[in-house]
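Source file: coords_36.cif; contents: mmCIF, C-alpha atoms and all ligand atoms.
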```
data_structure
#
loop_
_atom_site.group_PDB
_atom_site.id
_atom_site.type_symbol
_atom_site.label_atom_id
_atom_site.label_comp_id
_atom_site.auth_asym_id
_atom_site.auth_seq_id
_atom_site.Cartn_x
_atom_site.Cartn_y
_atom_site.Cartn_z
ATOM 1 C CA MET A 1 -45.323 138.989 -79.648
ATOM 2 C CA THR A 2 -43.899 142.062 -81.396
ATOM 3 C CA ARG A 3 -45.619 143.074 -84.580
ATOM 4 C CA LYS A 4 -43.741 144.145 -87.634
ATOM 5 C CA VAL A 5 -44.352 147.812 -88.391
ATOM 6 C CA SER A 6 -42.134 148.110 -91.458
ATOM 7 C CA GLY A 7 -40.548 146.056 -94.221
ATOM 8 C CA PRO A 8 -37.100 144.431 -94.076
ATOM 9 C CA GLU A 9 -35.326 147.329 -95.845
ATOM 10 C CA ILE A 10 -36.425 149.811 -93.187
ATOM 11 C CA GLU A 11 -35.809 147.357 -90.346
ATOM 12 C CA ARG A 12 -32.289 146.953 -91.680
ATOM 13 C CA ILE A 13 -31.681 150.720 -91.568
ATOM 14 C CA VAL A 14 -32.918 150.812 -87.951
ATOM 15 C CA ARG A 15 -30.714 147.863 -86.999
ATOM 16 C CA LEU A 16 -27.587 149.359 -88.593
ATOM 17 C CA LEU A 17 -28.152 152.836 -87.147
ATOM 18 C CA GLY A 18 -28.636 151.219 -83.726
ATOM 19 C CA ARG A 19 -25.046 149.989 -83.889
ATOM 20 C CA LEU A 20 -23.680 153.546 -83.960
ATOM 21 C CA PRO A 21 -22.245 154.919 -80.710
ATOM 22 C CA GLY A 22 -24.719 157.078 -78.838
ATOM 23 C CA LEU A 23 -27.759 155.722 -80.687
ATOM 24 C CA GLY A 24 -29.939 153.317 -78.744
ATOM 25 C CA PRO A 25 -32.847 151.475 -80.407
ATOM 26 C CA ARG A 26 -35.217 154.382 -79.824
ATOM 27 C CA SER A 27 -32.895 157.005 -81.337
ATOM 28 C CA ALA A 28 -32.104 154.641 -84.208
ATOM 29 C CA ARG A 29 -35.827 154.372 -85.003
ATOM 30 C CA LYS A 30 -36.189 158.159 -84.891
ATOM 31 C CA ALA A 31 -33.166 158.652 -87.147
ATOM 32 C CA ALA A 32 -34.414 156.016 -89.600
ATOM 33 C CA LEU A 33 -37.816 157.655 -89.702
ATOM 34 C CA ALA A 34 -36.248 161.070 -90.377
ATOM 35 C CA LEU A 35 -34.234 159.536 -93.216
ATOM 36 C CA ILE A 36 -37.104 157.793 -94.926
ATOM 37 C CA LYS A 37 -39.464 160.739 -94.541
ATOM 38 C CA ARG A 38 -36.894 163.131 -95.983
ATOM 39 C CA ARG A 39 -35.854 160.868 -98.792
ATOM 40 C CA ASN A 40 -34.579 163.548 -101.193
ATOM 41 C CA GLU A 41 -32.969 165.982 -98.745
ATOM 42 C CA LEU A 42 -31.433 163.384 -96.419
ATOM 43 C CA LEU A 43 -31.569 159.752 -97.473
ATOM 44 C CA VAL A 44 -30.310 160.199 -101.035
ATOM 45 C CA PRO A 45 -27.404 162.589 -100.226
ATOM 46 C CA LEU A 46 -26.406 160.496 -97.190
ATOM 47 C CA THR A 47 -26.363 157.354 -99.325
ATOM 48 C CA GLU A 48 -24.137 159.126 -101.842
ATOM 49 C CA ALA A 49 -21.833 160.497 -99.139
ATOM 50 C CA LEU A 50 -21.466 157.062 -97.543
ATOM 51 C CA SER A 51 -20.772 155.287 -100.804
ATOM 52 C CA ASP A 52 -18.222 157.978 -101.762
ATOM 53 C CA ALA A 53 -16.541 157.502 -98.392
ATOM 54 C CA VAL A 54 -16.435 153.720 -98.795
ATOM 55 C CA GLU A 55 -14.511 154.178 -102.028
ATOM 56 C CA LYS A 56 -12.197 156.995 -101.038
ATOM 57 C CA ILE A 57 -11.358 156.849 -97.338
ATOM 58 C CA VAL A 58 -7.919 155.443 -96.573
ATOM 59 C CA GLU A 59 -5.691 155.330 -93.532
ATOM 60 C CA CYS A 60 -2.759 157.743 -93.713
ATOM 61 C CA PRO A 61 0.423 155.648 -93.875
ATOM 62 C CA ASP A 62 2.279 158.290 -91.851
ATOM 63 C CA CYS A 63 -0.010 159.194 -88.973
ATOM 64 C CA GLY A 64 -2.935 156.734 -89.018
ATOM 65 C CA ASN A 65 -5.571 159.422 -89.588
ATOM 66 C CA LEU A 66 -8.449 158.605 -91.955
ATOM 67 C CA ASP A 67 -8.880 160.836 -94.979
ATOM 68 C CA THR A 68 -9.572 160.725 -98.701
ATOM 69 C CA VAL A 69 -6.082 161.894 -99.692
ATOM 70 C CA VAL A 70 -2.701 160.214 -99.104
ATOM 71 C CA PRO A 71 -0.852 161.352 -97.029
ATOM 72 C CA CYS A 72 -3.766 162.881 -95.125
ATOM 73 C CA SER A 73 -4.620 166.614 -95.342
ATOM 74 C CA ILE A 74 -2.873 167.298 -92.019
ATOM 75 C CA CYS A 75 0.384 165.543 -92.989
ATOM 76 C CA GLN A 76 0.303 167.382 -96.339
ATOM 77 C CA ASP A 77 -0.196 170.825 -94.790
ATOM 78 C CA VAL A 78 3.097 172.675 -95.324
ATOM 79 C CA ARG A 79 2.255 175.281 -92.658
ATOM 80 C CA ARG A 80 2.484 172.691 -89.891
ATOM 81 C CA ASP A 81 5.499 172.373 -87.633
ATOM 82 C CA ARG A 82 7.149 169.053 -88.544
ATOM 83 C CA SER A 83 9.318 169.021 -85.438
ATOM 84 C CA LEU A 84 6.286 168.363 -83.189
ATOM 85 C CA ILE A 85 4.112 165.233 -83.117
ATOM 86 C CA VAL A 86 1.039 164.961 -80.892
ATOM 87 C CA VAL A 87 0.143 161.333 -80.160
ATOM 88 C CA VAL A 88 -3.539 160.513 -79.618
ATOM 89 C CA GLU A 89 -5.478 157.305 -79.016
ATOM 90 C CA GLU A 90 -8.253 157.802 -81.538
ATOM 91 C CA ILE A 91 -9.167 159.981 -84.508
ATOM 92 C CA GLY A 92 -11.937 161.525 -82.372
ATOM 93 C CA ASP A 93 -9.189 162.928 -80.111
ATOM 94 C CA LEU A 94 -7.398 164.388 -83.134
ATOM 95 C CA TRP A 95 -10.654 166.044 -84.196
ATOM 96 C CA ALA A 96 -11.151 167.435 -80.678
ATOM 97 C CA LEU A 97 -7.638 168.949 -80.664
ATOM 98 C CA GLU A 98 -8.159 170.383 -84.141
ATOM 99 C CA ARG A 99 -11.440 171.963 -83.008
ATOM 100 C CA ALA A 100 -9.519 173.612 -80.176
ATOM 101 C CA GLY A 101 -6.963 174.811 -82.767
ATOM 102 C CA VAL A 102 -3.989 174.471 -80.439
ATOM 103 C CA VAL A 103 -1.757 171.988 -82.242
ATOM 104 C CA SER A 104 0.691 173.551 -84.678
ATOM 105 C CA GLY A 105 2.427 170.269 -85.422
ATOM 106 C CA LEU A 106 1.493 166.877 -86.803
ATOM 107 C CA TYR A 107 -0.376 163.988 -85.169
ATOM 108 C CA HIS A 108 0.034 160.282 -84.663
ATOM 109 C CA VAL A 109 -3.059 158.117 -84.106
ATOM 110 C CA LEU A 110 -2.376 154.941 -82.109
ATOM 111 C CA GLY A 111 -5.758 153.327 -82.769
ATOM 112 C CA GLY A 112 -6.445 152.693 -79.067
ATOM 113 C CA HIS A 113 -4.450 152.031 -75.909
ATOM 114 C CA LEU A 114 -2.522 149.132 -74.435
ATOM 115 C CA SER A 115 -4.832 146.724 -72.646
ATOM 116 C CA PRO A 116 -3.161 143.391 -71.846
ATOM 117 C CA LEU A 117 -6.389 141.960 -70.410
ATOM 118 C CA ASP A 118 -8.107 142.462 -73.767
ATOM 119 C CA GLY A 119 -5.099 141.119 -75.657
ATOM 120 C CA ILE A 120 -4.088 144.555 -76.943
ATOM 121 C CA GLY A 121 -0.310 144.653 -76.910
ATOM 122 C CA PRO A 122 2.037 147.150 -78.615
ATOM 123 C CA GLU A 123 1.914 145.205 -81.901
ATOM 124 C CA LYS A 124 -1.837 145.850 -82.193
ATOM 125 C CA LEU A 125 -1.327 149.623 -82.068
ATOM 126 C CA ASN A 126 0.276 152.031 -84.531
ATOM 127 C CA ILE A 127 3.459 152.219 -82.415
ATOM 128 C CA ALA A 128 6.169 150.865 -84.734
ATOM 129 C CA ARG A 129 5.417 153.636 -87.229
ATOM 130 C CA LEU A 130 5.688 156.253 -84.449
ATOM 131 C CA ILE A 131 9.164 155.007 -83.549
ATOM 132 C CA GLU A 132 10.107 155.196 -87.246
ATOM 133 C CA ARG A 133 8.823 158.749 -87.512
ATOM 134 C CA ALA A 134 10.716 159.687 -84.353
ATOM 135 C CA ALA A 135 13.945 158.409 -85.900
ATOM 136 C CA THR A 136 13.913 160.647 -88.981
ATOM 137 C CA GLY A 137 15.828 163.451 -87.241
ATOM 138 C CA GLU A 138 13.121 165.998 -88.061
ATOM 139 C CA VAL A 139 11.124 165.509 -84.849
ATOM 140 C CA GLN A 140 12.162 167.403 -81.701
ATOM 141 C CA GLU A 141 9.197 166.907 -79.401
ATOM 142 C CA ILE A 142 6.492 164.282 -78.983
ATOM 143 C CA VAL A 143 3.439 165.188 -76.900
ATOM 144 C CA LEU A 144 1.511 162.226 -75.511
ATOM 145 C CA ALA A 145 -2.088 163.491 -75.566
ATOM 146 C CA LEU A 146 -3.554 160.258 -74.229
ATOM 147 C CA ASN A 147 -6.656 159.889 -72.112
ATOM 148 C CA ALA A 148 -6.241 160.368 -68.365
ATOM 149 C CA THR A 149 -7.371 156.766 -67.810
ATOM 150 C CA VAL A 150 -5.296 153.922 -66.352
ATOM 151 C CA GLU A 151 -4.830 152.414 -69.831
ATOM 152 C CA GLY A 152 -4.012 155.794 -71.398
ATOM 153 C CA GLN A 153 -1.379 156.498 -68.767
ATOM 154 C CA SER A 154 0.236 153.069 -68.930
ATOM 155 C CA THR A 155 0.396 153.473 -72.708
ATOM 156 C CA ALA A 156 2.102 156.850 -72.159
ATOM 157 C CA HIS A 157 4.714 155.222 -69.902
ATOM 158 C CA TYR A 158 5.360 152.469 -72.413
ATOM 159 C CA LEU A 159 5.825 155.014 -75.233
ATOM 160 C CA THR A 160 8.144 157.141 -73.085
ATOM 161 C CA GLU A 161 10.383 154.099 -72.552
ATOM 162 C CA GLN A 162 10.328 153.199 -76.231
ATOM 163 C CA LEU A 163 11.168 156.762 -77.274
ATOM 164 C CA ALA A 164 13.908 157.303 -74.676
ATOM 165 C CA PRO A 165 16.772 156.085 -76.939
ATOM 166 C CA THR A 166 15.846 158.703 -79.571
ATOM 167 C CA GLY A 167 16.666 161.555 -77.177
ATOM 168 C CA ILE A 168 13.529 163.428 -78.309
ATOM 169 C CA VAL A 169 11.683 165.486 -75.684
ATOM 170 C CA VAL A 170 8.562 163.562 -74.641
ATOM 171 C CA SER A 171 5.851 165.498 -72.807
ATOM 172 C CA ARG A 172 2.335 164.874 -71.631
ATOM 173 C CA LEU A 173 -0.761 166.999 -71.213
ATOM 174 C CA ALA A 174 -0.764 169.071 -68.060
ATOM 175 C CA GLN A 175 -3.301 169.242 -65.291
ATOM 176 C CA GLY A 176 -6.745 170.216 -66.426
ATOM 177 C CA VAL A 177 -7.458 166.853 -67.965
ATOM 178 C CA PRO A 178 -9.494 165.275 -65.180
ATOM 179 C CA VAL A 179 -8.552 161.803 -63.993
ATOM 180 C CA GLY A 180 -10.431 159.307 -66.113
ATOM 181 C CA GLY A 181 -11.023 162.070 -68.660
ATOM 182 C CA GLU A 182 -11.282 161.267 -72.350
ATOM 183 C CA LEU A 183 -10.084 164.018 -74.642
ATOM 184 C CA ASP A 184 -13.054 163.876 -76.941
ATOM 185 C CA TYR A 185 -15.350 164.990 -74.114
ATOM 186 C CA LEU A 186 -13.299 167.971 -73.010
ATOM 187 C CA ASP A 187 -14.161 171.501 -73.981
ATOM 188 C CA GLU A 188 -11.810 173.394 -76.232
ATOM 189 C CA GLY A 189 -10.538 175.768 -73.524
ATOM 190 C CA THR A 190 -9.499 172.874 -71.274
ATOM 191 C CA LEU A 191 -7.754 171.158 -74.169
ATOM 192 C CA ALA A 192 -5.927 174.326 -75.143
ATOM 193 C CA ALA A 193 -4.707 174.866 -71.563
ATOM 194 C CA ALA A 194 -3.604 171.243 -71.283
ATOM 195 C CA ILE A 195 -1.514 171.456 -74.458
ATOM 196 C CA LYS A 196 0.006 174.844 -73.647
ATOM 197 C CA SER A 197 1.186 173.851 -70.193
ATOM 198 C CA ARG A 198 2.367 170.351 -71.088
ATOM 199 C CA ARG A 199 5.099 168.760 -68.991
ATOM 200 C CA ARG A 200 8.095 166.625 -69.747
ATOM 201 C CA MET A 201 7.703 162.956 -68.909
HETATM 202 ZN ZN ZN B 301 -1.394 161.787 -91.874
#
```
Let's see the structure in the file written out as structure tokens.
Amino acid sequence: MTRKVSGPEIERIVRLLGRLPGLGPRSARKAALALIKRRNELLVPLTEALSDAVEKIVECPDCGNLDTVVPCSICQDVRRDRSLIVVVEEIGDLWALERAGVVSGLYHVLGGHLSPLDGIGPEKLNIARLIERAATGEVQEIVLALNATVEGQSTAHYLTEQLAPTGIVVSRLAQGVPVGGELDYLDEGTLAAAIKSRRRM
């Protein structure tokens, strides 16, 4: 029989933290302990940051990014090249590309990849809005920066077909992204090389 070592409020923190990616039960306990021990420097400001985020974070109606301003900070940035859209699966991929600092254009976040076996068809992804954006006449190139996984690549083929009638140049990341590679795990140099030497679909 397992004995209770803390009250329900602390157990709840451990349980919720344990649902975060990369945090198993052991790490969740350590993180919870750090939070409750450092109540004023960590727990209180984190609580405030989270409750602020709950109120303010919205999905950008243009690109699908999450931010506290609408349209998002990236879509609002007048220095960005509006003729180029880089399509990614997840916001984590957008963050990875921004860290590498190699995208001068805008982004489009799909919210995942096509996966018929899991019931994820085109209508479940942010694809219709991409086609709309492609039709405005402003866009000249769309780079499909999707993961080098089977699902990522079949999504890329689907998008290439859907975008073909627009006549816009569609390209994909070049070699350097290892097969099965997820963008978020790549180092910035590899990402930069993959974007710079992209190829037409
Ligand atoms: Zn946006």
Legend entry - Distance filter 8 Å around ligand ZN 301 (chain B), atoms: only C-alpha atoms and all ligand atoms, out as a VMD selection string: chain A and resid 59 to 66 70 to 76 106 to 108
Could you please take those selected residues and save C-alpha atoms as an mmCIF file, in the frame of the given file?
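Okay, this is what ended up in part18.cif:
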```cif
data_model
loop_
_atom_site.group_PDB
_atom_site.id
_atom_site.type_symbol
_atom_site.label_atom_id
_atom_site.label_comp_id
_atom_site.auth_asym_id
_atom_site.auth_seq_id
_atom_site.Cartn_x
_atom_site.Cartn_y
_atom_site.Cartn_z
ATOM 1 C CA GLU A 59 -5.691 155.330 -93.532
ATOM 2 C CA CYS A 60 -2.759 157.743 -93.713
ATOM 3 C CA PRO A 61 0.423 155.648 -93.875
ATOM 4 C CA ASP A 62 2.279 158.290 -91.851
ATOM 5 C CA CYS A 63 -0.010 159.194 -88.973
ATOM 6 C CA GLY A 64 -2.935 156.734 -89.018
ATOM 7 C CA ASN A 65 -5.571 159.422 -89.588
ATOM 8 C CA LEU A 66 -8.449 158.605 -91.955
ATOM 9 C CA VAL A 70 -2.701 160.214 -99.104
ATOM 10 C CA PRO A 71 -0.852 161.352 -97.029
ATOM 11 C CA CYS A 72 -3.766 162.881 -95.125
ATOM 12 C CA SER A 73 -4.620 166.614 -95.342
ATOM 13 C CA ILE A 74 -2.873 167.298 -92.019
ATOM 14 C CA CYS A 75 0.384 165.543 -92.989
ATOM 15 C CA GLN A 76 0.303 167.382 -96.339
ATOM 16 C CA LEU A 106 1.493 166.877 -86.803
ATOM 17 C CA TYR A 107 -0.376 163.988 -85.169
ATOM 18 C CA HIS A 108 0.034 160.282 -84.663
#
```
Legend entry - Which of A:Leu183, A:Leu144, A:Ala194, A:Leu33 sits closest to Leu84 (chain A) [using only C-alpha atoms]: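 Selected residue with least distance to Leu84 (chain A): A:Leu144.
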Legend entry - Straight-line distance linking CA of Gly152 (chain A) with CA of Ile57 (chain A), stated in Å to one decimal: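 Interatomic distance here is 27.0 Å.
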Quick one: 4 Å padding each side, axis-aligned, all listed atoms of region 152-160 of chain A - centre and edge lengths in Å to one decimal, as AutoDock Vina command-line options?
```
--center_x 2.1 --center_y 154.8 --center_z -72.0 --size_x 20.2 --size_y 12.7 --size_z 14.5
```
Kindly resolve the PyMOL selection byres (((chain A and resi 97) around 12) and not hetatm) on the present coordinates and return the residues as a PDB file with C-alpha atoms, keeping the file's coordinate frame.
```pdb
ATOM      1  CA  VAL A  86       1.039 164.961 -80.892  1.00  0.00           C
ATOM      2  CA  VAL A  87       0.143 161.333 -80.160  1.00  0.00           C
ATOM      3  CA  VAL A  88      -3.539 160.513 -79.618  1.00  0.00           C
ATOM      4  CA  GLU A  89      -5.478 157.305 -79.016  1.00  0.00           C
ATOM      5  CA  GLU A  90      -8.253 157.802 -81.538  1.00  0.00           C
ATOM      6  CA  ILE A  91      -9.167 159.981 -84.508  1.00  0.00           C
ATOM      7  CA  GLY A  92     -11.937 161.525 -82.372  1.00  0.00           C
ATOM      8  CA  ASP A  93      -9.189 162.928 -80.111  1.00  0.00           C
ATOM      9  CA  LEU A  94      -7.398 164.388 -83.134  1.00  0.00           C
ATOM     10  CA  TRP A  95     -10.654 166.044 -84.196  1.00  0.00           C
ATOM     11  CA  ALA A  96     -11.151 167.435 -80.678  1.00  0.00           C
ATOM     12  CA  GLU A  98      -8.159 170.383 -84.141  1.00  0.00           C
ATOM     13  CA  ARG A  99     -11.440 171.963 -83.008  1.00  0.00           C
ATOM     14  CA  ALA A 100      -9.519 173.612 -80.176  1.00  0.00           C
ATOM     15  CA  GLY A 101      -6.963 174.811 -82.767  1.00  0.00           C
ATOM     16  CA  VAL A 102      -3.989 174.471 -80.439  1.00  0.00           C
ATOM     17  CA  VAL A 103      -1.757 171.988 -82.242  1.00  0.00           C
ATOM     18  CA  SER A 104       0.691 173.551 -84.678  1.00  0.00           C
ATOM     19  CA  GLY A 105       2.427 170.269 -85.422  1.00  0.00           C
ATOM     20  CA  LEU A 106       1.493 166.877 -86.803  1.00  0.00           C
ATOM     21  CA  TYR A 107      -0.376 163.988 -85.169  1.00  0.00           C
ATOM     22  CA  ALA A 145      -2.088 163.491 -75.566  1.00  0.00           C
ATOM     23  CA  LEU A 146      -3.554 160.258 -74.229  1.00  0.00           C
ATOM     24  CA  LEU A 173      -0.761 166.999 -71.213  1.00  0.00           C
ATOM     25  CA  GLU A 182     -11.282 161.267 -72.350  1.00  0.00           C
ATOM     26  CA  LEU A 183     -10.084 164.018 -74.642  1.00  0.00           C
ATOM     27  CA  ASP A 184     -13.054 163.876 -76.941  1.00  0.00           C
ATOM     28  CA  TYR A 185     -15.350 164.990 -74.114  1.00  0.00           C
ATOM     29  CA  LEU A 186     -13.299 167.971 -73.010  1.00  0.00           C
ATOM     30  CA  ASP A 187     -14.161 171.501 -73.981  1.00  0.00           C
ATOM     31  CA  GLU A 188     -11.810 173.394 -76.232  1.00  0.00           C
ATOM     32  CA  GLY A 189     -10.538 175.768 -73.524  1.00  0.00           C
ATOM     33  CA  THR A 190      -9.499 172.874 -71.274  1.00  0.00           C
ATOM     34  CA  LEU A 191      -7.754 171.158 -74.169  1.00  0.00           C
ATOM     35  CA  ALA A 192      -5.927 174.326 -75.143  1.00  0.00           C
ATOM     36  CA  ALA A 193      -4.707 174.866 -71.563  1.00  0.00           C
ATOM     37  CA  ALA A 194      -3.604 171.243 -71.283  1.00  0.00           C
ATOM     38  CA  ILE A 195      -1.514 171.456 -74.458  1.00  0.00           C
ATOM     39  CA  LYS A 196       0.006 174.844 -73.647  1.00  0.00           C
TER      40      LYS A 196
END
```
Inset, instruction - Give as number ranges by chain each residue that has an atom at most 12 Å from (6.1, 156.6, -70.3) in the file, counting all atoms listed in the file. - result: A: 142-146, 151-164, 169-172, 200-201
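Using the PyMOL selection byres (((chain A and resi 126) around 9) and not hetatm) on the file at hand returns these residues: Cys63, Gly64, His108, Val109, Leu110, Gly111, Gly112, Pro122, Glu123, Lys124, Leu125, Ile127, Ala128, Arg129 and Leu130 of chain A.
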Legend entry - Counting all atoms listed in the file, the option among A:Ile85, A:Val44, A:Ala32, A:Ala53 closest to Thr68 (chain A): A:Ala53
Can you rebuild region 30-43 of chain A with N, CA and C atoms and give it as a PDB file, in the coordinates of the input?
```pdb
ATOM      1  N   LYS A  30     -35.896 156.763 -84.542  1.00  0.00           N
ATOM      2  CA  LYS A  30     -36.189 158.159 -84.891  1.00  0.00           C
ATOM      3  C   LYS A  30     -35.354 158.617 -86.082  1.00  0.00           C
ATOM      4  N   ALA A  31     -34.062 158.246 -86.058  1.00  0.00           N
ATOM      5  CA  ALA A  31     -33.166 158.652 -87.147  1.00  0.00           C
ATOM      6  C   ALA A  31     -33.603 158.006 -88.459  1.00  0.00           C
ATOM      7  N   ALA A  32     -33.978 156.715 -88.383  1.00  0.00           N
ATOM      8  CA  ALA A  32     -34.414 156.016 -89.600  1.00  0.00           C
ATOM      9  C   ALA A  32     -35.672 156.662 -90.160  1.00  0.00           C
ATOM     10  N   LEU A  33     -36.568 157.028 -89.273  1.00  0.00           N
ATOM     11  CA  LEU A  33     -37.816 157.655 -89.702  1.00  0.00           C
ATOM     12  C   LEU A  33     -37.532 158.998 -90.378  1.00  0.00           C
ATOM     13  N   ALA A  34     -36.618 159.780 -89.785  1.00  0.00           N
ATOM     14  CA  ALA A  34     -36.248 161.070 -90.377  1.00  0.00           C
ATOM     15  C   ALA A  34     -35.673 160.849 -91.780  1.00  0.00           C
ATOM     16  N   LEU A  35     -34.855 159.803 -91.918  1.00  0.00           N
ATOM     17  CA  LEU A  35     -34.234 159.536 -93.216  1.00  0.00           C
ATOM     18  C   LEU A  35     -35.266 159.151 -94.270  1.00  0.00           C
ATOM     19  N   ILE A  36     -36.181 158.252 -93.888  1.00  0.00           N
ATOM     20  CA  ILE A  36     -37.104 157.793 -94.926  1.00  0.00           C
ATOM     21  C   ILE A  36     -38.185 158.834 -95.246  1.00  0.00           C
ATOM     22  N   LYS A  37     -38.495 159.679 -94.269  1.00  0.00           N
ATOM     23  CA  LYS A  37     -39.464 160.739 -94.541  1.00  0.00           C
ATOM     24  C   LYS A  37     -38.861 161.816 -95.427  1.00  0.00           C
ATOM     25  N   ARG A  38     -37.557 162.071 -95.204  1.00  0.00           N
ATOM     26  CA  ARG A  38     -36.894 163.131 -95.983  1.00  0.00           C
ATOM     27  C   ARG A  38     -35.955 162.491 -97.002  1.00  0.00           C
ATOM     28  N   ARG A  39     -36.567 161.666 -97.812  1.00  0.00           N
ATOM     29  CA  ARG A  39     -35.854 160.868 -98.792  1.00  0.00           C
ATOM     30  C   ARG A  39     -34.899 161.703 -99.650  1.00  0.00           C
ATOM     31  N   ASN A  40     -35.421 162.788-100.259  1.00  0.00           N
ATOM     32  CA  ASN A  40     -34.579 163.548-101.193  1.00  0.00           C
ATOM     33  C   ASN A  40     -33.558 164.449-100.518  1.00  0.00           C
ATOM     34  N   GLU A  41     -33.933 165.065 -99.387  1.00  0.00           N
ATOM     35  CA  GLU A  41     -32.969 165.982 -98.745  1.00  0.00           C
ATOM     36  C   GLU A  41     -31.972 165.237 -97.872  1.00  0.00           C
ATOM     37  N   LEU A  42     -32.331 164.061 -97.358  1.00  0.00           N
ATOM     38  CA  LEU A  42     -31.433 163.384 -96.419  1.00  0.00           C
ATOM     39  C   LEU A  42     -30.974 162.003 -96.893  1.00  0.00           C
ATOM     40  N   LEU A  43     -31.933 161.143 -97.184  1.00  0.00           N
ATOM     41  CA  LEU A  43     -31.569 159.752 -97.473  1.00  0.00           C
ATOM     42  C   LEU A  43     -30.691 159.626 -98.712  1.00  0.00           C
TER      43      LEU A  43
END
```
